[in-house]
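What follows is the content of target-v8.csv (CSV, C-alpha atoms and all ligand atoms).
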```
chain,number,residue,atom,x,y,z
A,612,MET,CA,15.6,1.6,18.6
A,613,LEU,CA,14.2,1.3,15.1
A,614,ILE,CA,12.1,4.4,14.2
A,615,VAL,CA,9.2,4.3,11.7
A,616,HIS,CA,8.4,7.7,10.3
A,617,HIS,CA,4.7,7.2,10.0
A,618,LEU,CA,2.4,9.5,8.0
A,619,GLU,CA,-1.3,9.2,8.9
A,620,ASN,CA,-3.5,7.1,6.7
A,621,SER,CA,-0.6,5.9,4.5
A,622,ARG,CA,1.7,3.1,3.3
A,623,SER,CA,3.7,3.3,6.5
A,624,GLN,CA,0.8,1.4,8.2
A,625,ARG,CA,2.0,-1.8,6.5
A,626,ILE,CA,5.5,-1.3,7.9
A,627,LEU,CA,4.1,-1.2,11.4
A,628,TRP,CA,2.2,-4.4,10.6
A,629,LEU,CA,5.3,-6.1,9.3
A,630,LEU,CA,7.3,-5.1,12.4
A,631,GLU,CA,4.5,-6.6,14.6
A,632,GLU,CA,4.6,-9.8,12.5
A,633,LEU,CA,8.3,-10.0,13.0
A,634,GLY,CA,8.1,-9.1,16.7
A,635,VAL,CA,10.7,-6.3,16.3
A,636,GLU,CA,10.5,-3.4,18.8
A,637,TYR,CA,10.0,0.0,17.2
A,638,GLU,CA,9.2,3.7,17.9
A,639,ILE,CA,6.8,5.7,15.8
A,640,LYS,CA,7.4,9.3,14.8
A,641,ARG,CA,4.0,10.6,13.6
A,642,TYR,CA,3.3,13.1,10.9
A,643,GLY,CA,-0.1,14.5,9.9
A,644,ARG,CA,-1.2,15.3,6.3
A,645,ASP,CA,-1.9,18.8,5.2
A,646,LYS,CA,-5.6,19.4,5.6
A,647,GLN,CA,-6.1,20.9,2.2
A,648,THR,CA,-3.7,19.0,0.0
A,649,SER,CA,-3.3,15.7,1.9
A,650,LEU,CA,0.5,16.0,1.3
A,651,ALA,CA,3.1,15.1,3.9
A,652,PRO,CA,4.5,17.9,6.0
A,653,PRO,CA,7.9,19.4,5.0
A,654,GLU,CA,9.6,17.9,8.2
A,655,LEU,CA,9.6,14.5,6.4
A,656,LYS,CA,12.1,15.9,4.0
A,657,GLU,CA,14.5,16.2,6.9
A,658,ILE,CA,14.5,12.4,7.1
A,659,HIS,CA,14.7,11.6,3.3
A,660,PRO,CA,14.9,14.1,0.5
A,661,LEU,CA,11.6,13.0,-1.2
A,662,GLY,CA,9.6,13.6,2.0
A,663,LYS,CA,7.4,10.5,1.5
A,664,ALA,CA,6.3,7.8,3.9
A,665,PRO,CA,7.3,5.3,4.9
A,666,VAL,CA,10.9,5.9,5.9
A,667,ILE,CA,12.6,4.0,8.7
A,668,VAL,CA,15.9,4.7,10.6
A,669,ASP,CA,17.5,1.6,12.1
A,670,ASN,CA,21.0,1.8,13.8
A,671,GLY,CA,21.8,4.9,11.9
A,672,VAL,CA,20.7,3.5,8.5
A,673,THR,CA,17.9,5.3,6.7
A,674,VAL,CA,15.7,3.3,4.4
A,675,ALA,CA,12.9,4.7,2.2
A,676,GLU,CA,10.5,3.0,-0.3
A,677,SER,CA,8.1,0.4,1.0
A,678,GLY,CA,9.6,-2.5,-1.0
A,679,ALA,CA,13.2,-1.7,0.0
A,680,ILE,CA,12.1,-1.2,3.7
A,681,ILE,CA,10.3,-4.6,3.7
A,682,GLU,CA,13.3,-6.3,2.1
A,683,TYR,CA,15.6,-4.6,4.6
A,684,LEU,CA,13.5,-5.7,7.6
A,685,VAL,CA,13.1,-9.3,6.3
A,686,HIS,CA,16.9,-9.5,5.6
A,687,THR,CA,17.8,-8.1,9.0
A,688,TYR,CA,15.2,-9.6,11.3
A,689,ASP,CA,13.4,-12.5,9.7
A,690,ASP,CA,14.5,-16.0,10.5
A,691,ASP,CA,12.8,-17.6,7.5
A,692,LYS,CA,9.3,-17.0,8.8
A,693,LEU,CA,8.1,-14.4,6.3
A,694,HIS,CA,10.0,-15.2,3.1
A,695,PRO,CA,10.3,-18.3,0.9
A,696,SER,CA,13.7,-19.8,0.3
A,697,GLU,CA,15.8,-18.1,-2.3
A,698,GLY,CA,15.6,-19.6,-5.8
A,699,SER,CA,12.4,-21.5,-5.2
A,700,ALA,CA,9.2,-21.0,-7.3
A,701,GLU,CA,7.7,-19.2,-4.3
A,702,TRP,CA,10.7,-16.9,-4.2
A,703,ARG,CA,10.1,-15.8,-7.8
A,704,SER,CA,6.5,-15.0,-6.9
A,705,TYR,CA,7.7,-13.2,-3.8
A,706,THR,CA,9.9,-10.9,-5.8
A,707,TYR,CA,7.3,-10.4,-8.5
A,708,TRP,CA,4.6,-9.2,-6.0
A,709,MET,CA,7.1,-7.2,-4.0
A,710,HIS,CA,7.8,-5.1,-7.2
A,711,TYR,CA,4.3,-5.4,-8.8
A,712,ALA,CA,2.5,-3.6,-5.9
A,713,GLU,CA,4.2,-0.3,-6.3
A,714,GLY,CA,5.5,-0.7,-9.9
A,715,THR,CA,2.3,-1.7,-11.6
A,716,PHE,CA,-0.7,-1.5,-9.4
A,717,MET,CA,-0.3,1.7,-7.3
A,718,PRO,CA,0.3,4.0,-10.2
A,719,LEU,CA,-3.3,3.0,-11.4
A,720,MET,CA,-4.6,3.9,-7.9
A,721,ILE,CA,-2.8,7.2,-7.9
A,722,ILE,CA,-4.2,8.1,-11.4
A,723,SER,CA,-7.7,7.2,-10.1
A,724,LEU,CA,-7.3,9.4,-7.0
A,725,ILE,CA,-6.1,12.3,-9.1
A,726,LEU,CA,-9.0,12.0,-11.6
A,727,THR,CA,-11.5,11.9,-8.8
A,728,ARG,CA,-10.0,15.0,-7.3
A,729,ILE,CA,-10.3,16.7,-10.7
A,730,GLU,CA,-13.9,15.5,-11.0
A,731,THR,CA,-15.0,16.6,-7.5
A,732,SER,CA,-12.9,19.8,-6.9
A,733,PRO,CA,-14.8,23.1,-6.8
A,734,MET,CA,-14.2,25.1,-9.9
A,735,LEU,CA,-15.8,27.7,-12.1
A,736,PHE,CA,-19.0,26.3,-13.6
A,737,PHE,CA,-17.9,26.7,-17.2
A,738,VAL,CA,-14.6,24.9,-16.5
A,739,LYS,CA,-16.1,21.9,-14.7
A,740,PRO,CA,-17.6,20.1,-17.8
A,741,VAL,CA,-14.2,20.4,-19.6
A,742,ALA,CA,-12.3,19.1,-16.6
A,743,LYS,CA,-14.8,16.3,-16.1
A,744,GLY,CA,-14.7,15.4,-19.9
A,745,ILE,CA,-10.9,15.1,-19.9
A,746,ALA,CA,-11.0,13.0,-16.7
A,747,GLY,CA,-13.7,10.8,-18.2
A,748,LYS,CA,-11.6,10.3,-21.4
A,749,VAL,CA,-8.6,9.1,-19.4
A,750,ARG,CA,-10.8,6.7,-17.5
A,751,ALA,CA,-12.5,5.3,-20.6
A,752,SER,CA,-9.4,5.1,-22.8
A,753,TYR,CA,-6.9,3.8,-20.3
A,754,LEU,CA,-7.7,3.6,-16.6
A,755,ASP,CA,-10.9,1.5,-16.3
A,756,ALA,CA,-9.7,-1.3,-18.5
A,757,ASN,CA,-6.3,-1.5,-16.8
A,758,VAL,CA,-7.8,-1.5,-13.3
A,759,LYS,CA,-10.3,-4.2,-14.3
A,760,ASN,CA,-7.6,-6.3,-15.9
A,761,ASN,CA,-5.3,-6.1,-12.9
A,762,LEU,CA,-8.1,-6.8,-10.4
A,763,ALA,CA,-9.2,-9.9,-12.4
A,764,PHE,CA,-5.6,-11.1,-12.5
A,765,LEU,CA,-5.2,-10.6,-8.7
A,766,ASP,CA,-8.6,-12.3,-8.0
A,767,GLN,CA,-7.6,-15.2,-10.1
A,768,THR,CA,-4.3,-15.5,-8.3
A,769,LEU,CA,-6.0,-15.6,-4.9
A,770,SER,CA,-8.6,-18.1,-6.1
A,771,GLU,CA,-5.7,-20.6,-6.4
A,772,SER,CA,-4.0,-20.0,-3.0
A,773,THR,CA,-4.7,-18.2,0.3
A,774,TRP,CA,-1.6,-16.0,0.0
A,775,PHE,CA,0.2,-14.4,-2.9
A,776,CYS,CA,3.1,-16.8,-2.8
A,777,GLY,CA,1.1,-20.0,-2.1
A,778,ASP,CA,-0.3,-21.3,1.1
A,779,ARG,CA,2.2,-19.6,3.3
A,780,PHE,CA,1.9,-16.0,4.5
A,781,THR,CA,4.9,-13.9,3.5
A,782,ALA,CA,6.1,-10.3,3.5
A,783,ALA,CA,4.8,-10.0,-0.1
A,784,ASP,CA,1.3,-10.2,1.3
A,785,VAL,CA,2.1,-7.2,3.5
A,786,GLN,CA,3.4,-5.3,0.5
A,787,MET,CA,0.3,-6.2,-1.5
A,788,SER,CA,-2.1,-5.4,1.3
A,789,PHE,CA,-1.9,-1.6,0.9
A,790,ALA,CA,-2.5,-1.9,-2.9
A,791,LEU,CA,-5.7,-3.9,-2.2
A,792,GLU,CA,-6.8,-1.5,0.6
A,793,ALA,CA,-6.4,1.4,-1.8
A,794,ALA,CA,-8.4,-0.5,-4.4
A,795,GLU,CA,-11.1,-1.3,-1.9
A,796,VAL,CA,-11.9,2.4,-1.6
A,797,ARG,CA,-11.3,3.4,-5.2
A,798,THR,CA,-12.8,0.5,-7.1
A,799,ASP,CA,-15.6,-2.1,-7.0
A,800,LEU,CA,-13.3,-4.6,-5.3
A,801,ALA,CA,-15.6,-5.5,-2.4
A,802,ALA,CA,-18.6,-6.2,-4.7
A,803,SER,CA,-16.9,-7.8,-7.7
A,804,TYR,CA,-13.7,-9.6,-6.5
A,805,PRO,CA,-14.6,-12.1,-3.8
A,806,HIS,CA,-11.1,-13.5,-3.4
A,807,LEU,CA,-9.6,-10.0,-2.9
A,808,ALA,CA,-12.3,-9.1,-0.4
A,809,GLY,CA,-11.6,-12.4,1.4
A,810,PHE,CA,-7.9,-11.7,1.5
A,811,LEU,CA,-8.5,-8.3,3.2
A,812,GLN,CA,-10.8,-10.0,5.7
A,813,THR,CA,-8.2,-12.7,6.5
A,814,VAL,CA,-5.4,-10.0,6.8
A,815,ARG,CA,-7.5,-7.9,9.1
A,816,ALA,CA,-8.1,-10.8,11.4
A,817,ARG,CA,-4.4,-11.3,12.1
A,818,PRO,CA,-3.4,-10.3,15.6
A,819,ALA,CA,-0.3,-8.5,14.3
A,820,TYR,CA,-2.4,-6.4,11.8
A,821,LYS,CA,-4.7,-5.4,14.7
A,822,ALA,CA,-1.7,-4.6,17.0
A,823,ALA,CA,-0.2,-2.4,14.3
A,824,LEU,CA,-3.6,-0.5,14.0
A,825,ASP,CA,-3.6,0.0,17.7
A,826,ARG,CA,-0.1,1.4,17.5
A,827,GLY,CA,-0.5,3.4,14.3
A,828,GLY,CA,-3.8,5.1,15.2
A,829,HIS,CA,-6.8,5.9,13.0
A,830,TYR,CA,-6.3,4.4,9.5
A,831,GLU,CA,-8.6,5.4,6.6
A,832,LEU,CA,-7.4,5.6,3.0
A,833,MET,CA,-8.4,8.3,0.6
A,834,GLY,CA,-11.3,7.2,-1.5
A,835,GLY,CA,-12.4,8.2,-4.9
A,836,LYS,CA,-14.9,5.7,-6.1
A,837,ARG,CA,-17.2,7.4,-8.6
A,838,GLY,CA,-21.0,7.0,-8.7
B,901,LIG,N1,6.5,4.0,-3.7
B,901,LIG,C1,6.6,4.7,-2.5
B,901,LIG,C2,5.5,5.7,-2.4
B,901,LIG,C3,5.6,6.6,-1.2
B,901,LIG,C4,4.4,7.6,-1.1
B,901,LIG,O1,4.0,8.2,-2.1
B,901,LIG,N2,3.9,7.7,0.1
B,901,LIG,C5,2.7,8.5,0.3
B,901,LIG,C6,1.9,8.0,1.5
B,901,LIG,S1,0.9,6.6,1.1
B,901,LIG,C7,3.1,9.9,0.7
B,901,LIG,O2,4.1,10.1,1.4
B,901,LIG,N3,2.3,10.9,0.4
B,901,LIG,C8,2.4,12.2,0.9
B,901,LIG,C9,3.0,13.2,-0.2
B,901,LIG,O3,3.1,12.8,-1.4
B,901,LIG,O4,3.3,14.3,0.2
B,901,LIG,C10,6.6,3.7,-1.3
B,901,LIG,O5,6.0,2.6,-1.5
B,901,LIG,O6,7.2,4.0,-0.3
```

Give the structure from this file in structure tokens form.
Amino acid sequence: MLIVHHLENSRSQRILWLLEELGVEYEIKRYGRDKQTSLAPPELKEIHPLGKAPVIVDNGVTVAESGAIIEYLVHTYDDDKLHPSEGSAEWRSYTYWMHYAEGTFMPLMIISLILTRIETSPMLFFVKPVAKGIAGKVRASYLDANVKNNLAFLDQTLSESTWFCGDRFTAADVQMSFALEAAEVRTDLAASYPHLAGFLQTVRARPAYKAALDRGGHYELMGGKRG
């Protein structure tokens, strides 16, 4: 039986969703985050040295890293339903979005989360303005413009088609969903990017997405929107 090592409120939720879309049976091994740091517990390192989620174990094969897991699952279990045919224009989009989600977009969301933590953490009163000043400079000189540029690019993409690789739902949409869910709680996505908000609505209406939520349990991403 395929096992998903599932950390609460994390990227492993999208793996449950993909498995529901594929109709593959799986077991969930659950891990809670540390209450103070939100980090994964040390037991996850027994499954993979980095101790991050998601990780799956299937027939004795351990696969980590969302994109690699999705590619493994599609390669092993998909009969052409959730991926375009290799070499097509849609395939090139498919590989692009599969890499873009974690390679380009998620680092921006992580920086945003870290800066919000710095801005909102309790600290000595005379240190706080210095910490906030540095965080503000990073936002103003790098983060804000990059987030805006990426969100505008994504919104434009989804103004041209329902899904990231055209009019057909693929596993690249599953990979991109977590990035947009993170952006939903860390940026002004809902108010300013109608096609991205619409994408999340469409995704959340899918029976397999709902089934994965039922299996995965409470799902709420860490926020960090300022103001
Ligand atoms: N690029 C990796 C990122 C893995 C990752 O950072 N996962 C987070 C969960 S969303 C995690 O395990 N966080 C807990 C920790 O860092 O201790 C992937 O997509 O699998």

**OP:** Dump the neighbourhood of ligand LIG 901 (chain B) as a ChimeraX atom specification: all residues within 7 Å, distances computed on all atoms listed in the file.
**Re:** /A:618,621-623,649-652,662-665,675-678,713

Original post:
Near Asn761 in chain A, counting only C-alpha atoms, which residues have an atom at most 12 Å away, once you skip same-chain residues fewer than 2 positions from it, shown as a PyMOL selection string?
Top reply: chain A and resi 711-712+715-720+754-759+763-768+790-791+794+798+800+804+807

**OP:** Measure the distance from CA of Ser699 in chain A to CA of Asp778 in chain A in Å and round it to one decimal.
**Re:** 14.2 Å

**OP:** Work out how far apart CA of Asp784 in chain A and CA of Ile722 in chain A are and give it in Å to one decimal.
**Re:** 22.9 Å

Original post:
Taking (3.5, -12.7, 3.0) in the file's coordinates as the center, which residues reach within 12 Å of it, counting all atoms listed in the file, put as a count of residues only?
Top reply: 39

**OP:** Go through A:His659, A:Arg644, A:Lys743, A:Arg797 one by one, measure the shortest atom-to-atom distance of each to Thr731 in chain A using all atoms listed in the file, and give the residue with the smallest value.
**Re:**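 For Thr731 in chain A, the nearest of the candidates is A:Lys743.
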
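Shortest separation to Ile639 in chain A among A:Gly828, A:Ala751, A:Ala816, A:Ile729 occurs at residue A:Gly828, atoms counted being all atoms listed in the file.
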
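Here CA of Leu630 in chain A and CA of Val672 in chain A stand 16.4 Å from one another.
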
Subject >> Distance query Tyr830 in chain A at most 10 Å, all atoms listed in the file, self and fewer than 3 positions along chain excluded, as a count of residues only >> reply: 8

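Proximity of A:Leu613, A:Val741, A:Leu811, A:Met734 to Val674 in chain A, computed with only C-alpha atoms, is greatest for A:Leu613.
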
For range 783-794 of chain A, supply all heavy atoms and format the output as a short mmCIF file (atom, residue, chain, number, x, y, z; two decimals), in the coordinates of the input.
```cif
data_model
loop_
_atom_site.label_atom_id
_atom_site.label_comp_id
_atom_site.auth_asym_id
_atom_site.auth_seq_id
_atom_site.Cartn_x
_atom_site.Cartn_y
_atom_site.Cartn_z
N ALA A 783 5.43 -10.49 1.16
CA ALA A 783 4.80 -10.00 -0.10
C ALA A 783 3.33 -9.71 0.12
O ALA A 783 2.77 -8.81 -0.51
CB ALA A 783 5.01 -11.03 -1.20
N ASP A 784 2.70 -10.45 1.01
CA ASP A 784 1.30 -10.20 1.30
C ASP A 784 1.15 -8.83 2.05
O ASP A 784 0.17 -8.12 1.86
CB ASP A 784 0.71 -11.32 2.20
CG ASP A 784 0.71 -12.64 1.45
OD1 ASP A 784 0.07 -12.72 0.39
OD2 ASP A 784 1.39 -13.58 1.91
N VAL A 785 2.15 -8.52 2.86
CA VAL A 785 2.10 -7.20 3.50
C VAL A 785 2.28 -6.11 2.50
O VAL A 785 1.54 -5.11 2.52
CB VAL A 785 3.28 -7.14 4.58
CG1 VAL A 785 3.33 -5.77 5.23
CG2 VAL A 785 3.13 -8.24 5.63
N GLN A 786 3.20 -6.31 1.56
CA GLN A 786 3.40 -5.30 0.50
C GLN A 786 2.12 -5.15 -0.33
O GLN A 786 1.70 -4.05 -0.65
CB GLN A 786 4.60 -5.72 -0.37
CG GLN A 786 4.84 -4.89 -1.61
CD GLN A 786 5.47 -3.52 -1.32
OE1 GLN A 786 5.25 -2.91 -0.27
NE2 GLN A 786 6.22 -3.01 -2.28
N MET A 787 1.48 -6.26 -0.67
CA MET A 787 0.30 -6.20 -1.50
C MET A 787 -0.94 -5.67 -0.77
O MET A 787 -1.89 -5.18 -1.38
CB MET A 787 -0.04 -7.62 -2.05
CG MET A 787 0.81 -8.03 -3.24
SD MET A 787 0.64 -6.92 -4.65
CE MET A 787 -1.07 -7.17 -5.12
N SER A 788 -0.93 -5.75 0.56
CA SER A 788 -2.10 -5.40 1.30
C SER A 788 -2.52 -3.92 1.08
O SER A 788 -3.70 -3.60 0.91
CB SER A 788 -1.92 -5.61 2.81
OG SER A 788 -0.92 -4.72 3.29
N PHE A 789 -1.53 -3.03 1.03
CA PHE A 789 -1.90 -1.60 0.90
C PHE A 789 -2.51 -1.37 -0.50
O PHE A 789 -3.47 -0.59 -0.64
CB PHE A 789 -0.65 -0.71 1.06
CG PHE A 789 -1.01 0.76 0.98
CD1 PHE A 789 -1.46 1.44 2.10
CD2 PHE A 789 -0.93 1.45 -0.23
CE1 PHE A 789 -1.83 2.78 2.02
CE2 PHE A 789 -1.29 2.79 -0.32
CZ PHE A 789 -1.73 3.46 0.81
N ALA A 790 -1.97 -2.05 -1.52
CA ALA A 790 -2.50 -1.90 -2.90
C ALA A 790 -4.01 -2.29 -2.87
O ALA A 790 -4.86 -1.61 -3.45
CB ALA A 790 -1.73 -2.76 -3.85
N LEU A 791 -4.31 -3.39 -2.19
CA LEU A 791 -5.70 -3.90 -2.20
C LEU A 791 -6.58 -2.97 -1.28
O LEU A 791 -7.76 -2.77 -1.58
CB LEU A 791 -5.77 -5.32 -1.76
CG LEU A 791 -5.10 -6.27 -2.76
CD1 LEU A 791 -5.28 -7.72 -2.32
CD2 LEU A 791 -5.65 -6.09 -4.17
N GLU A 792 -6.00 -2.44 -0.24
CA GLU A 792 -6.80 -1.50 0.60
C GLU A 792 -7.10 -0.23 -0.18
O GLU A 792 -8.20 0.33 -0.05
CB GLU A 792 -6.04 -1.20 1.90
CG GLU A 792 -6.05 -2.39 2.85
CD GLU A 792 -5.32 -2.14 4.17
OE1 GLU A 792 -4.30 -1.43 4.16
OE2 GLU A 792 -5.77 -2.66 5.19
N ALA A 793 -6.14 0.21 -0.99
CA ALA A 793 -6.40 1.40 -1.80
C ALA A 793 -7.49 1.06 -2.85
O ALA A 793 -8.41 1.84 -3.09
CB ALA A 793 -5.12 1.83 -2.52
N ALA A 794 -7.39 -0.14 -3.44
CA ALA A 794 -8.40 -0.50 -4.40
C ALA A 794 -9.78 -0.69 -3.81
O ALA A 794 -10.80 -0.42 -4.45
CB ALA A 794 -7.98 -1.85 -5.09
#
```
